[in-house]
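Dropping data-v2.cif in here (mmCIF, C-alpha atoms):
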data_data
loop_
_atom_site.label_atom_id
_atom_site.label_comp_id
_atom_site.auth_asym_id
_atom_site.auth_seq_id
_atom_site.Cartn_x
_atom_site.Cartn_y
_atom_site.Cartn_z
CA TYR A 141 76.30 87.77 124.01
CA ASP A 142 78.61 86.78 126.87
CA THR A 143 79.04 83.30 128.26
CA GLU A 144 79.80 82.83 131.94
CA ILE A 145 80.98 79.46 133.20
CA ASP A 146 80.16 78.81 136.84
CA PHE A 147 80.86 75.52 138.59
CA THR A 148 81.30 74.22 142.10
CA CYS A 149 84.27 72.12 143.14
CA PHE A 150 85.81 70.65 146.27
CA ASP A 151 88.10 72.86 148.35
CA THR A 152 90.92 70.34 147.87
CA VAL A 153 91.11 71.01 144.13
CA ILE A 154 90.48 74.76 144.01
CA ASP A 155 94.18 75.66 143.97
CA ASN A 156 94.81 73.15 141.21
CA VAL A 157 91.96 74.57 139.11
CA LYS A 158 93.27 78.12 139.58
CA GLU A 159 96.75 77.05 138.52
CA GLN A 160 95.41 75.39 135.35
CA ILE A 161 93.51 78.56 134.47
CA ARG A 162 96.63 80.66 135.07
CA ASP A 163 98.55 78.34 132.73
CA LEU A 164 96.16 78.94 129.83
CA LYS A 165 97.97 80.64 126.96
CA PRO A 166 96.44 83.14 124.53
CA GLU A 167 96.98 80.62 121.70
CA VAL A 168 93.96 78.74 123.07
CA LEU A 169 91.95 81.18 120.91
CA LEU A 170 93.81 80.34 117.71
CA PHE A 171 91.60 77.42 116.77
CA LEU A 172 88.31 78.42 118.45
CA LYS A 173 87.01 80.51 115.56
CA LYS A 174 83.70 81.40 117.18
CA LEU A 175 85.30 82.53 120.43
CA LYS A 176 86.70 86.06 120.21
CA HIS A 177 87.36 87.08 123.79
CA ILE A 178 88.19 85.33 127.08
CA GLU A 179 88.52 87.21 130.36
CA PHE A 180 89.93 85.78 133.59
CA ASP A 181 89.57 87.05 137.15
CA ILE A 182 91.47 84.85 139.59
CA ASP A 183 91.24 86.35 143.07
CA GLY A 184 91.56 89.82 141.57
CA GLU A 185 94.32 88.82 139.13
CA LYS A 186 92.89 89.84 135.78
CA LYS A 187 93.91 89.08 132.22
CA HIS A 188 92.10 88.56 128.96
CA PHE A 189 92.77 87.33 125.44
CA ILE A 190 91.29 88.76 122.24
CA ARG A 191 91.21 87.08 118.82
CA GLU A 192 90.97 89.12 115.61
CA GLU A 193 91.19 88.11 111.97
CA SER A 194 92.75 90.33 109.32
CA ASN A 195 90.40 92.12 106.96
CA ASP A 196 92.63 91.57 103.92
CA ASN A 197 93.54 88.37 102.08
CA THR A 198 96.69 87.64 104.12
CA LYS A 199 94.94 85.06 106.34
CA LYS A 200 96.43 86.40 109.55
CA VAL A 201 95.14 85.94 113.08
CA LEU A 202 96.03 88.48 115.77
CA ILE A 203 95.99 87.39 119.42
CA THR A 204 96.19 90.13 122.04
CA ASP A 205 97.28 89.14 125.53
CA TYR A 206 96.34 91.73 128.17
CA TYR A 207 97.95 91.72 131.62
CA GLY A 208 95.93 93.79 134.06
CA GLN A 209 94.80 97.13 132.67
CA LYS A 210 97.99 98.42 131.02
CA GLU A 211 100.32 95.77 129.62
CA LYS A 212 99.55 93.97 126.41
CA GLU A 213 101.26 91.82 123.80
CA VAL A 214 99.99 91.35 120.25
CA ARG A 215 101.01 88.18 118.42
CA GLU A 216 100.47 87.92 114.69
CA TYR A 217 100.10 84.50 113.07
CA ASP A 218 100.18 83.55 109.42
CA PHE A 219 97.38 81.01 109.13
CA PHE A 220 97.27 77.94 106.88
CA THR A 221 94.09 75.86 106.83
CA GLU A 222 92.57 72.86 105.12
CA GLU A 223 89.22 71.15 105.56
CA GLY A 224 87.22 68.40 103.92
CA LYS A 225 85.89 64.94 104.57
CA ILE A 226 87.51 61.63 105.52
CA LEU A 227 85.33 58.52 105.66
CA ASP A 228 82.27 60.83 105.56
CA LYS A 229 83.52 62.73 108.62
CA TYR A 230 84.43 66.41 108.58
CA TYR A 231 88.09 67.18 109.22
CA GLU A 232 89.99 70.40 109.76
CA ILE A 233 93.70 71.21 109.88
CA SER A 234 94.92 74.66 110.91
CA ILE A 235 98.51 75.81 111.37
CA GLY A 236 99.53 79.14 112.92
CA TYR A 237 103.04 80.55 112.39
CA ASP A 238 104.43 83.52 114.29
CA ARG A 239 107.22 84.66 111.96
CA LYS A 240 108.56 87.06 114.61
CA THR A 241 109.17 84.56 117.44
CA LYS A 242 108.88 81.24 115.53
CA THR A 243 107.26 79.82 118.66
CA SER A 244 106.41 76.13 118.80
CA GLY A 245 103.08 74.97 120.18
CA GLU A 246 104.95 71.93 121.53
CA MET A 247 101.72 69.94 121.72
CA LEU A 248 99.05 69.07 119.18
CA TYR A 249 95.81 71.02 119.46
CA SER A 250 92.46 69.51 118.72
CA TYR A 251 90.66 72.79 119.35
CA PHE A 252 92.23 72.69 122.83
CA LYS A 253 95.77 71.56 123.67
CA THR A 254 96.30 67.80 124.03
CA ASN A 255 99.18 65.83 125.55
CA VAL A 256 100.43 64.74 122.12
CA GLU A 257 103.91 66.15 121.45
CA ILE A 258 104.58 67.63 118.02
CA SER A 259 107.24 70.31 118.18
CA PHE A 260 107.45 72.17 114.89
CA PRO A 261 107.98 75.99 114.97
CA VAL A 262 104.20 76.40 114.58
CA PHE A 263 100.92 75.80 116.40
CA ILE A 264 99.09 72.80 114.94
CA HIS A 265 95.40 71.94 115.18
CA ALA A 266 93.85 68.82 113.65
CA THR A 267 90.50 67.22 114.42
CA PHE A 268 91.80 63.81 115.49
CA GLU A 269 89.58 61.37 117.34
CA LEU A 270 90.68 61.48 120.97
CA SER A 271 90.37 59.49 124.16
CA SER A 272 87.57 60.31 126.62
CA ASN A 273 89.81 62.79 128.49
CA ARG A 274 90.61 64.47 125.13
CA ASN A 275 94.35 64.31 125.80
CA GLU A 276 95.48 61.31 123.72
CA LEU A 277 94.88 60.05 120.20
CA LEU A 278 92.75 56.96 119.74
CA ALA A 279 95.01 54.14 118.59
CA ASN A 280 94.36 51.85 115.58
CA ASN A 281 91.81 54.30 114.20
CA LYS A 282 91.29 54.44 110.42
CA TYR A 283 90.10 58.06 110.47
CA ASN A 284 93.19 59.13 112.46
CA GLU A 285 95.39 57.20 110.04
CA GLU A 286 93.97 59.06 107.04
CA LEU A 287 94.06 62.40 108.85
CA THR A 288 97.75 61.85 109.63
CA LYS A 289 98.44 61.59 105.89
CA LYS A 290 96.62 64.88 105.34
CA LEU A 291 98.57 66.47 108.20
CA ALA A 292 101.91 65.33 106.76
CA SER A 293 101.11 66.93 103.42
CA LYS A 294 99.91 70.13 105.08
CA LEU A 295 103.03 70.37 107.25
CA ALA A 296 105.27 69.96 104.21
CA GLU A 297 103.25 72.59 102.34
CA THR A 298 103.48 74.92 105.34
CA ALA A 299 107.24 74.33 105.57
CA ILE A 300 107.54 75.61 101.99
CA ASN A 301 105.37 78.62 102.84
CA ILE A 302 107.56 79.36 105.88
CA SER A 303 110.67 79.11 103.72
CA LEU A 304 109.16 81.63 101.29
CA LEU A 305 108.36 84.02 104.13
CA ASP A 306 111.91 83.70 105.48
CA SER A 307 113.38 84.21 102.01
CA GLN A 308 111.52 87.52 101.74
CA ASN A 309 113.44 88.60 104.85
CA ASN A 310 116.70 87.30 103.31
CA GLN A 311 117.07 84.95 106.28
CA ALA A 312 116.82 81.33 105.19
CA THR A 313 116.96 79.00 108.23
CA TYR A 314 116.36 75.37 109.16
CA GLU A 315 113.18 76.28 111.07
CA PRO A 316 110.85 74.41 108.65
CA LEU A 317 112.71 71.16 109.43
CA THR A 318 112.77 71.40 113.22
CA SER A 319 110.52 68.79 114.80
CA SER A 320 109.93 66.29 117.57
CA ILE A 321 107.07 63.83 117.21
CA ASP A 322 105.09 61.96 119.87
CA THR A 323 104.99 58.16 119.86
CA SER A 324 101.23 58.19 119.32
CA LEU A 325 101.73 60.02 116.01
CA LYS A 326 104.64 57.76 115.13
CA GLN A 327 102.18 54.89 115.31
CA TYR A 328 100.47 56.51 112.33
CA LYS A 329 103.91 56.98 110.64
CA LEU A 330 103.76 60.77 110.59
CA GLU A 331 107.56 61.06 110.54
CA GLU A 332 107.93 58.77 107.51
CA LEU A 333 105.12 60.56 105.70
CA ILE A 334 106.73 63.96 106.30
CA ASN A 335 110.11 62.65 105.10
CA GLU A 336 108.47 61.53 101.85
CA GLN A 337 107.15 65.06 101.36
CA ILE A 338 110.52 66.61 102.28
CA GLN A 339 112.19 64.78 99.37
CA LYS A 340 110.67 67.26 96.94
CA ALA A 341 110.18 70.33 99.14
CA ALA A 342 112.43 73.40 98.78
CA ILE A 343 113.14 73.81 102.50
CA PHE A 344 116.94 73.45 102.74
CA PRO A 345 118.63 76.86 103.34
CA THR A 346 121.72 77.71 101.29
CA ILE A 347 124.46 80.26 101.99
CA GLN A 348 122.75 82.42 99.35
CA ASN A 349 119.78 82.71 101.75
CA LYS A 350 117.65 80.74 99.32
CA TYR A 351 115.86 77.42 99.76
CA ILE A 352 116.44 74.36 97.58
CA SER A 353 115.16 70.78 97.59
CA LEU A 354 116.98 67.47 97.73
CA THR A 355 116.47 67.18 93.98
CA ASP A 356 118.60 70.33 93.52
CA ASP A 357 121.74 68.48 94.73
CA PRO A 358 122.42 70.33 97.98
CA LEU A 359 125.87 70.00 99.57
CA TYR A 360 126.81 70.15 103.24
CA SER A 361 129.87 70.22 105.47
CA GLU A 362 130.24 69.88 109.22
CA GLN A 363 133.13 72.35 108.91
CA ARG A 364 132.13 76.02 108.83
CA PHE A 365 132.76 76.64 105.12
CA ASP A 366 129.36 78.33 105.05
CA LYS A 367 130.82 81.31 106.92
CA VAL A 368 133.62 82.06 104.44
CA LEU A 369 132.95 80.67 100.95
CA PHE A 370 131.61 83.02 98.28
CA PRO A 371 127.83 82.30 97.93
CA GLU A 372 127.60 82.95 94.18
CA THR A 373 130.38 80.43 93.50
CA PHE A 374 128.98 77.79 95.88
CA PRO A 375 125.20 78.27 95.50
CA ASN A 376 124.25 74.72 96.55
CA LEU A 377 126.14 74.77 99.84
CA LEU A 378 123.74 74.54 102.76
CA LYS A 379 124.10 76.53 105.93
CA TYR A 380 125.63 74.77 108.89
CA CYS A 381 123.16 73.50 111.49
CA ASP A 382 123.90 72.51 115.08
CA ASP A 383 120.48 70.94 115.72
CA GLU A 384 121.08 67.25 116.43
CA ILE A 385 117.85 66.07 114.79
CA ILE A 386 118.54 67.96 111.56
CA GLN A 387 122.21 66.94 111.54
CA ASN A 388 121.14 63.31 111.81
CA TYR A 389 118.67 63.75 108.95
CA ILE A 390 121.27 65.45 106.72
CA LYS A 391 123.94 62.81 107.33
CA HIS A 392 121.97 59.58 107.58
CA ASP A 393 118.68 60.11 105.75
CA ALA A 394 119.51 62.67 103.06
CA LYS A 395 123.17 61.47 102.94
CA LEU A 396 124.47 64.88 101.90
CA ASN A 397 128.19 65.40 101.26
CA PHE A 398 130.52 68.30 100.45
CA TYR A 399 131.96 69.26 97.04
CA GLU A 400 134.18 66.68 95.35
CA ASN A 401 137.81 67.66 95.92
CA SER A 402 138.84 68.53 92.35
CA LEU A 403 135.69 70.60 91.71
CA PHE A 404 136.14 72.41 95.01
CA LYS A 405 139.77 73.18 94.11
CA ASP A 406 138.85 74.62 90.69
CA LEU A 407 136.01 76.77 92.06
CA LEU A 408 138.07 78.07 94.96
CA ASN A 409 141.15 78.83 92.81
CA ASN A 410 138.99 80.88 90.43
CA ASP A 411 137.74 82.97 93.35
CA ILE A 412 141.28 83.37 94.67
CA GLN A 413 142.48 84.65 91.29
CA ASP A 414 139.59 87.13 91.37
CA LYS A 415 140.83 88.29 94.82
CA ARG A 416 137.56 87.55 96.58
CA TYR A 417 139.19 86.45 99.85
CA SER A 418 141.16 88.46 102.38
CA CYS A 419 144.34 87.19 104.00
CA GLU A 420 142.35 86.33 107.14
CA GLN A 421 139.71 84.42 105.15
CA LYS A 422 142.40 82.44 103.35
CA CYS A 423 143.83 81.36 106.71
CA VAL A 424 140.36 80.23 107.81
CA LEU A 425 140.00 78.22 104.60
CA ILE A 426 143.38 76.53 105.08
CA LYS A 427 142.37 75.43 108.57
CA LEU A 428 138.96 74.19 107.35
CA ILE A 429 140.53 72.21 104.49
CA ASN A 430 143.02 70.65 106.89
CA ALA A 431 140.13 69.61 109.15
CA SER A 432 138.17 67.98 106.28
CA PRO A 433 139.17 64.36 105.53
CA SER A 434 137.66 64.48 102.02
CA LEU A 435 139.68 67.54 100.96
CA SER A 436 143.30 68.26 100.17
CA GLY A 437 145.16 71.56 99.99
CA ASP A 438 147.28 70.21 97.11
CA GLY A 439 146.89 72.54 94.12
CA ILE A 440 145.00 75.26 96.00
CA THR A 441 146.69 78.68 95.80
CA LEU A 442 145.77 80.12 99.18
CA LEU A 443 149.26 81.16 100.33
CA GLU A 444 150.61 84.70 99.84
CA ASP A 445 154.21 85.94 99.73
CA LEU A 446 155.68 88.87 101.64
CA GLN A 447 154.20 91.35 99.16
CA GLY A 448 150.73 89.76 99.33
CA ASN A 449 151.01 88.09 95.90
CA ILE A 450 149.50 84.65 95.22
CA ILE A 451 152.11 81.88 95.34
CA SER A 452 151.89 79.08 92.80
CA SER A 453 150.79 75.79 94.36
CA ASP A 454 153.84 73.92 93.00
CA GLU A 455 156.36 76.11 94.88
CA ASN A 456 157.69 75.49 98.36
CA VAL A 457 156.88 78.32 100.73
CA TYR A 458 159.16 79.02 103.69
CA VAL A 459 158.08 80.35 107.06
CA GLN A 460 159.99 83.50 107.94
CA PRO A 461 162.14 83.03 111.05
CA SER A 462 162.28 85.56 113.86
CA ALA A 463 164.25 88.74 113.06
CA LYS A 464 167.35 87.66 114.99
CA ASP A 465 167.62 84.41 113.02
CA ARG A 466 166.89 85.98 109.65
CA PHE A 467 169.31 86.87 106.90
CA GLU A 468 168.56 89.01 103.88
CA ILE A 469 168.27 87.15 100.60
CA PRO A 470 169.43 89.00 97.47
CA ASN A 471 166.66 89.99 95.08
CA TRP A 472 167.98 87.99 92.11
CA GLU A 473 165.54 87.33 89.28
CA TRP A 474 166.54 83.69 88.98
CA LEU A 475 166.01 83.04 92.70
CA LYS A 476 162.61 81.43 93.36
CA VAL A 477 162.59 81.36 97.16
CA LYS A 478 159.17 82.36 98.54
CA PHE A 479 158.51 83.42 102.12
CA LEU A 480 155.06 83.33 103.71
CA ASN A 481 153.21 86.59 104.28
CA GLU A 482 153.86 87.72 107.87
CA LYS A 483 150.17 88.13 108.72
CA MET A 484 149.48 84.61 107.47
CA ARG A 485 152.39 83.28 109.49
CA ASN A 486 151.03 84.82 112.69
CA ILE A 487 147.51 83.41 112.13
CA LEU A 488 148.37 79.94 110.83
CA LEU A 489 151.17 79.18 113.27
CA GLU A 490 149.47 80.58 116.34
CA ASP A 491 148.86 77.10 117.80
CA VAL A 492 151.36 75.07 115.75
CA GLU A 493 154.76 74.03 117.05
CA GLN A 494 157.75 74.63 114.75
CA GLU A 495 158.37 70.88 114.52
CA ALA A 496 154.82 70.30 113.28
CA ILE A 497 154.77 72.87 110.45
CA ASP A 498 155.87 70.50 107.67
CA ARG A 499 153.37 67.84 108.73
CA THR A 500 150.44 70.20 109.33
CA PHE A 501 150.72 72.15 106.08
CA ARG A 502 152.29 69.52 103.81
CA ASP A 503 149.47 69.72 101.22
CA PHE A 504 150.04 73.46 100.84
CA ASN A 505 153.85 73.08 100.39
CA LEU A 506 154.44 75.23 103.45
CA VAL A 507 157.74 74.21 105.09
CA ARG A 508 159.60 75.11 108.23
CA TYR A 509 162.55 77.52 107.92
CA ARG A 510 165.88 75.70 108.06
CA PHE A 511 169.10 77.48 107.11
CA ASN A 512 170.66 74.44 105.42
CA THR A 513 167.52 73.70 103.39
CA LEU A 514 167.27 77.31 102.27
CA ILE A 515 170.93 77.43 101.18
CA GLY A 516 170.37 74.20 99.23
CA LYS A 517 167.38 75.83 97.47
CA ILE A 518 169.51 78.87 96.50
CA VAL A 519 172.28 76.65 95.11
CA SER A 520 169.71 74.57 93.19
CA ASP A 521 168.17 77.67 91.57
CA LEU A 522 171.65 79.00 90.74
CA ASN A 523 172.48 75.81 88.84
#
What do you get writing this file as structure tokens?
Amino acid sequence: YDTEIDFTCFDTVIDNVKEQIRDLKPEVLLFLKKLKHIEFDIDGEKKHFIREESNDNTKKVLITDYYGQKEKEVREYDFFTEEGKILDKYYEISIGYDRKTKTSGEMLYSYFKTNVEISFPVFIHATFELSSNRNELLANNKYNEELTKKLASKLAETAINISLLDSQNNQATYEPLTSSIDTSLKQYKLEELINEQIQKAAIFPTIQNKYISLTDDPLYSEQRFDKVLFPETFPNLLKYCDDEIIQNYIKHDAKLNFYENSLFKDLLNNDIQDKRYSCEQKCVLIKLINASPSLSGDGITLLEDLQGNIISSDENVYVQPSAKDRFEIPNWEWLKVKFLNEKMRNILLEDVEQEAIDRTFRDFNLVRYRFNTLIGKIVSDLN
């Protein structure tokens, strides 16, 4: 059967009522399980929403948003639900995730949208006890307190499910961690409860496009090592994240750090010997290491000579001068003078003044070309 809602209102509020109806989103049907179809006709402007559930065991909900007679948009949600009793009262939690758009509901739903902010990349419904206008949570309410605990567990569980879905697409992201929580939910300590669950949840994305938990010893750097390091050698390195909330959690709550210097050196040198990095990638790594206070280039064999061979880390490497200032050095076997690969020189010294070369690349034993110094090196090797 069809239900028609007809009510009379003052002329002064008609425009406001129309605007509120226009603002209704198709997601309003997500949590109204008995309602399958809503149609609107606002002064001839027509649209309607349709809710369908999948016939298989995937627990999906499809919402179709029709604009007029021709345009339509179908949104598919993975659905995660839980129900039971708290203090002899029925409760229900439902979470809808659109893996295509990763859209946030922005507000908590209690069947309909409330004014309670909770911005995860999902739509969240929970049967909280609300104020008389059904927009705010009742404060100091034991049922709401217990339901918040259930919601925290369900959100953590859903975060793991989202991470599994993303892993299937080989695209691990920080989406499961993204959140902003309203003060009314903070009263019930939702944030702290979620953090407790996060401690053991595999929701941290690595450069291998896999998820690990805090118990798996994840590592993190604010420098973009994640874009260049070899994933199989550095499997616990997390992807870089520019979200301020997540950055704050990683640094101050999880207290994650990067690889210890000596271990990083050994792992990187092994990859260099296996020729896993191009000349351009090596230049990127040198710049990243220089920008990282906890790391040193000492002992790392990233520099290449004129023939593209790896230069030992205990040898001084000279920057080739311009052609007019250059002189040819004899190819004597006993002479150990090494010049930097020309491509490396062009990349590394692009923004570095000649006077700053020794200081900038001291850890890598890269030194500025000076005729007197070079002659001294030749005489030293001769003796």
On this file, the PyMOL selection byres ((chain A and resi 168) around 12) gives some set of residues; write that set as a PyMOL selection string.
-> chain A and resi 161+163-167+169-173+175-178+188-191+203-205+236+245+247-254+263-265
If you measure from atom CA of A:Ser272 to atom CA of A:Glu331, what distance in Å do you get, rounded to one decimal?
-> 25.7 Å
Quick one, how far is atom CA of A:Phe220 from atom CA of A:Phe180?
->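 The value is 28.8 Å.
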Using only C-alpha atoms, find each residue of stretch 318-365 of chain A with at least one atom at most 12 Å away from an atom of stretch 416-426 of chain A; report its shortest atom-to-atom pair and that distance in Å (one decimal), sort the rows by chain and rising residue number, and return the result as JSON lines.
{"residue": "A:Gln363", "atom": "CA", "partner": "A:Leu425", "partner_atom": "CA", "distance": 10.0}
{"residue": "A:Arg364", "atom": "CA", "partner": "A:Leu425", "partner_atom": "CA", "distance": 9.2}
{"residue": "A:Phe365", "atom": "CA", "partner": "A:Leu425", "partner_atom": "CA", "distance": 7.4}
Residue nearest A:Val459 among A:Ser402, A:Asn284, A:Gln494, A:Gln327 (counting all atoms listed in the file) =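 Closest to A:Val459, using all atoms listed in the file: A:Gln494.
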Polymer residues at most 12 Å from A:Asp181, all atoms listed in the file, same-chain spacing of 3 or more positions, as an mmCIF file with C-alpha atoms, in the coordinates of the input:
data_model
loop_
_atom_site.group_PDB
_atom_site.id
_atom_site.type_symbol
_atom_site.label_atom_id
_atom_site.label_comp_id
_atom_site.auth_asym_id
_atom_site.auth_seq_id
_atom_site.Cartn_x
_atom_site.Cartn_y
_atom_site.Cartn_z
ATOM 1 C CA GLU A 144 79.800 82.830 131.940
ATOM 2 C CA LYS A 158 93.270 78.120 139.580
ATOM 3 C CA ILE A 161 93.510 78.560 134.470
ATOM 4 C CA ARG A 162 96.630 80.660 135.070
ATOM 5 C CA ILE A 178 88.190 85.330 127.080
ATOM 6 C CA GLY A 184 91.560 89.820 141.570
ATOM 7 C CA GLU A 185 94.320 88.820 139.130
ATOM 8 C CA LYS A 186 92.890 89.840 135.780
ATOM 9 C CA LYS A 187 93.910 89.080 132.220
ATOM 10 C CA HIS A 188 92.100 88.560 128.960
ATOM 11 C CA TYR A 207 97.950 91.720 131.620
ATOM 12 C CA GLY A 208 95.930 93.790 134.060
#
Distance of atom CA of A:Phe370 from atom CA of A:Thr500, expressed in Å to one decimal place |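 Going from atom CA of A:Thr500 over to atom CA of A:Phe370, I get 25.3 Å.
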Residues within 7 Å of A:Leu378, all atoms listed in the file, excluding chain neighbours under 4 positions, as a PyMOL selection string = chain A and resi 344-347+358-360
Since we have the selection now, will you write its residues out, keeping C-alpha atoms, as a PDB file, in the coordinates of the input?
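Result file again.pdb:
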ATOM      1  CA  PHE A 344     116.940  73.450 102.740  1.00  0.00           C
ATOM      2  CA  PRO A 345     118.630  76.860 103.340  1.00  0.00           C
ATOM      3  CA  THR A 346     121.720  77.710 101.290  1.00  0.00           C
ATOM      4  CA  ILE A 347     124.460  80.260 101.990  1.00  0.00           C
ATOM      5  CA  PRO A 358     122.420  70.330  97.980  1.00  0.00           C
ATOM      6  CA  LEU A 359     125.870  70.000  99.570  1.00  0.00           C
ATOM      7  CA  TYR A 360     126.810  70.150 103.240  1.00  0.00           C
TER       8      TYR A 360
END
Matched chain/residue IDs from the PyMOL selection byres ((chain A and resi 371) around 12), as a list in words =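 Selected by the PyMOL selection byres ((chain A and resi 371) around 12) in this file: Pro345, Thr346, Ile347, Gln348, Asn349, Lys350, Phe365, Asp366, Lys367, Val368, Leu369, Phe370, Glu372, Thr373, Phe374, Pro375, Asn376, Leu377, Leu378, Lys379, Leu407, Leu408, Asp411 and Arg416 of chain A.
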Which residues, written as a ChimeraX atom specification, have at least one atom at most 12 Å from A:Ser194, with only C-alpha atoms counted and residues fewer than 5 positions away on the same chain left out?
-> /A:199-203,216-219
Nearby residues (only C-alpha atoms) at most 9 Å from A:Glu222, same-chain spacing under 4 positions excluded, as a short mmCIF file (atom, residue, chain, number, x, y, z; two decimals) with C-alpha atoms, keeping the file's coordinate frame:
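Ended up saving to selection.cif:
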data_model
loop_
_atom_site.label_atom_id
_atom_site.label_comp_id
_atom_site.auth_asym_id
_atom_site.auth_seq_id
_atom_site.Cartn_x
_atom_site.Cartn_y
_atom_site.Cartn_z
CA TYR A 231 88.09 67.18 109.22
CA GLU A 232 89.99 70.40 109.76
CA ILE A 233 93.70 71.21 109.88
CA SER A 234 94.92 74.66 110.91
CA LYS A 290 96.62 64.88 105.34
CA LYS A 294 99.91 70.13 105.08
#
Contact residues around stretch 273-282 of chain A with only C-alpha atoms at 7 Å, ignoring same-chain residues under 4 positions, as a PDB file with C-alpha atoms, in the frame of the given file:
ATOM      1  CA  THR A 254      96.300  67.800 124.030  1.00  0.00           C
ATOM      2  CA  ASN A 255      99.180  65.830 125.550  1.00  0.00           C
ATOM      3  CA  VAL A 256     100.430  64.740 122.120  1.00  0.00           C
ATOM      4  CA  PHE A 268      91.800  63.810 115.490  1.00  0.00           C
ATOM      5  CA  GLU A 269      89.580  61.370 117.340  1.00  0.00           C
ATOM      6  CA  GLU A 286      93.970  59.060 107.040  1.00  0.00           C
ATOM      7  CA  SER A 324     101.230  58.190 119.320  1.00  0.00           C
TER       8      SER A 324
END
Let me know the centre plus edge lengths, in Å and rounded to one decimal, of a box with edges along x, y and z that contains all listed atoms of stretch 267-279 of chain A and is padded by 6 Å on every side, as lines of an AutoDock Vina configuration file.
center_x = 91.5
center_y = 60.7
center_z = 121.5
size_x = 19.9
size_y = 25.1
size_z = 26.1
Determine the nearest neighbour of A:Ile429 from the options A:Phe504, A:Asp445, A:Asn397, A:Lys229, counting only C-alpha atoms.
->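 For A:Ile429, the nearest of the given residues is A:Phe504.
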Check what the PyMOL selection byres ((chain A and resi 295) around 12) selects in the file above and give those residues as a PDB file with C-alpha atoms, in the coordinates of the input.
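Now in out.pdb:
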ATOM      1  CA  PHE A 220      97.270  77.940 106.880  1.00  0.00           C
ATOM      2  CA  THR A 221      94.090  75.860 106.830  1.00  0.00           C
ATOM      3  CA  GLU A 222      92.570  72.860 105.120  1.00  0.00           C
ATOM      4  CA  ILE A 233      93.700  71.210 109.880  1.00  0.00           C
ATOM      5  CA  SER A 234      94.920  74.660 110.910  1.00  0.00           C
ATOM      6  CA  ILE A 235      98.510  75.810 111.370  1.00  0.00           C
ATOM      7  CA  GLY A 236      99.530  79.140 112.920  1.00  0.00           C
ATOM      8  CA  TYR A 237     103.040  80.550 112.390  1.00  0.00           C
ATOM      9  CA  ILE A 258     104.580  67.630 118.020  1.00  0.00           C
ATOM     10  CA  SER A 259     107.240  70.310 118.180  1.00  0.00           C
ATOM     11  CA  PHE A 260     107.450  72.170 114.890  1.00  0.00           C
ATOM     12  CA  PRO A 261     107.980  75.990 114.970  1.00  0.00           C
ATOM     13  CA  VAL A 262     104.200  76.400 114.580  1.00  0.00           C
ATOM     14  CA  PHE A 263     100.920  75.800 116.400  1.00  0.00           C
ATOM     15  CA  ILE A 264      99.090  72.800 114.940  1.00  0.00           C
ATOM     16  CA  HIS A 265      95.400  71.940 115.180  1.00  0.00           C
ATOM     17  CA  ALA A 266      93.850  68.820 113.650  1.00  0.00           C
ATOM     18  CA  THR A 288      97.750  61.850 109.630  1.00  0.00           C
ATOM     19  CA  LYS A 289      98.440  61.590 105.890  1.00  0.00           C
ATOM     20  CA  LYS A 290      96.620  64.880 105.340  1.00  0.00           C
ATOM     21  CA  LEU A 291      98.570  66.470 108.200  1.00  0.00           C
ATOM     22  CA  ALA A 292     101.910  65.330 106.760  1.00  0.00           C
ATOM     23  CA  SER A 293     101.110  66.930 103.420  1.00  0.00           C
ATOM     24  CA  LYS A 294      99.910  70.130 105.080  1.00  0.00           C
ATOM     25  CA  ALA A 296     105.270  69.960 104.210  1.00  0.00           C
ATOM     26  CA  GLU A 297     103.250  72.590 102.340  1.00  0.00           C
ATOM     27  CA  THR A 298     103.480  74.920 105.340  1.00  0.00           C
ATOM     28  CA  ALA A 299     107.240  74.330 105.570  1.00  0.00           C
ATOM     29  CA  ILE A 300     107.540  75.610 101.990  1.00  0.00           C
ATOM     30  CA  ASN A 301     105.370  78.620 102.840  1.00  0.00           C
ATOM     31  CA  ILE A 302     107.560  79.360 105.880  1.00  0.00           C
ATOM     32  CA  PRO A 316     110.850  74.410 108.650  1.00  0.00           C
ATOM     33  CA  LEU A 317     112.710  71.160 109.430  1.00  0.00           C
ATOM     34  CA  THR A 318     112.770  71.400 113.220  1.00  0.00           C
ATOM     35  CA  SER A 319     110.520  68.790 114.800  1.00  0.00           C
ATOM     36  CA  LEU A 330     103.760  60.770 110.590  1.00  0.00           C
ATOM     37  CA  GLU A 331     107.560  61.060 110.540  1.00  0.00           C
ATOM     38  CA  LEU A 333     105.120  60.560 105.700  1.00  0.00           C
ATOM     39  CA  ILE A 334     106.730  63.960 106.300  1.00  0.00           C
ATOM     40  CA  ASN A 335     110.110  62.650 105.100  1.00  0.00           C
ATOM     41  CA  GLU A 336     108.470  61.530 101.850  1.00  0.00           C
ATOM     42  CA  GLN A 337     107.150  65.060 101.360  1.00  0.00           C
ATOM     43  CA  ILE A 338     110.520  66.610 102.280  1.00  0.00           C
ATOM     44  CA  ALA A 341     110.180  70.330  99.140  1.00  0.00           C
ATOM     45  CA  ILE A 343     113.140  73.810 102.500  1.00  0.00           C
TER      46      ILE A 343
END
Could you check which of A:Thr441, A:Thr267, A:Ala342, A:Lys415 is closest to A:Lys225, using all atoms listed in the file?
->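 That would be A:Thr267, the residue with the smallest distance to A:Lys225.
The closest residue to A:Ser432, picked from A:Glu495, A:Asp322, A:Glu362, A:Glu159 and counting all atoms listed in the file, is A:Glu362.
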From the set A:Gly437, A:Glu192, A:Lys174, A:Leu287, which residue has the shortest atom-to-atom contact distance to A:Gly224, counting only C-alpha atoms?
-> A:Leu287
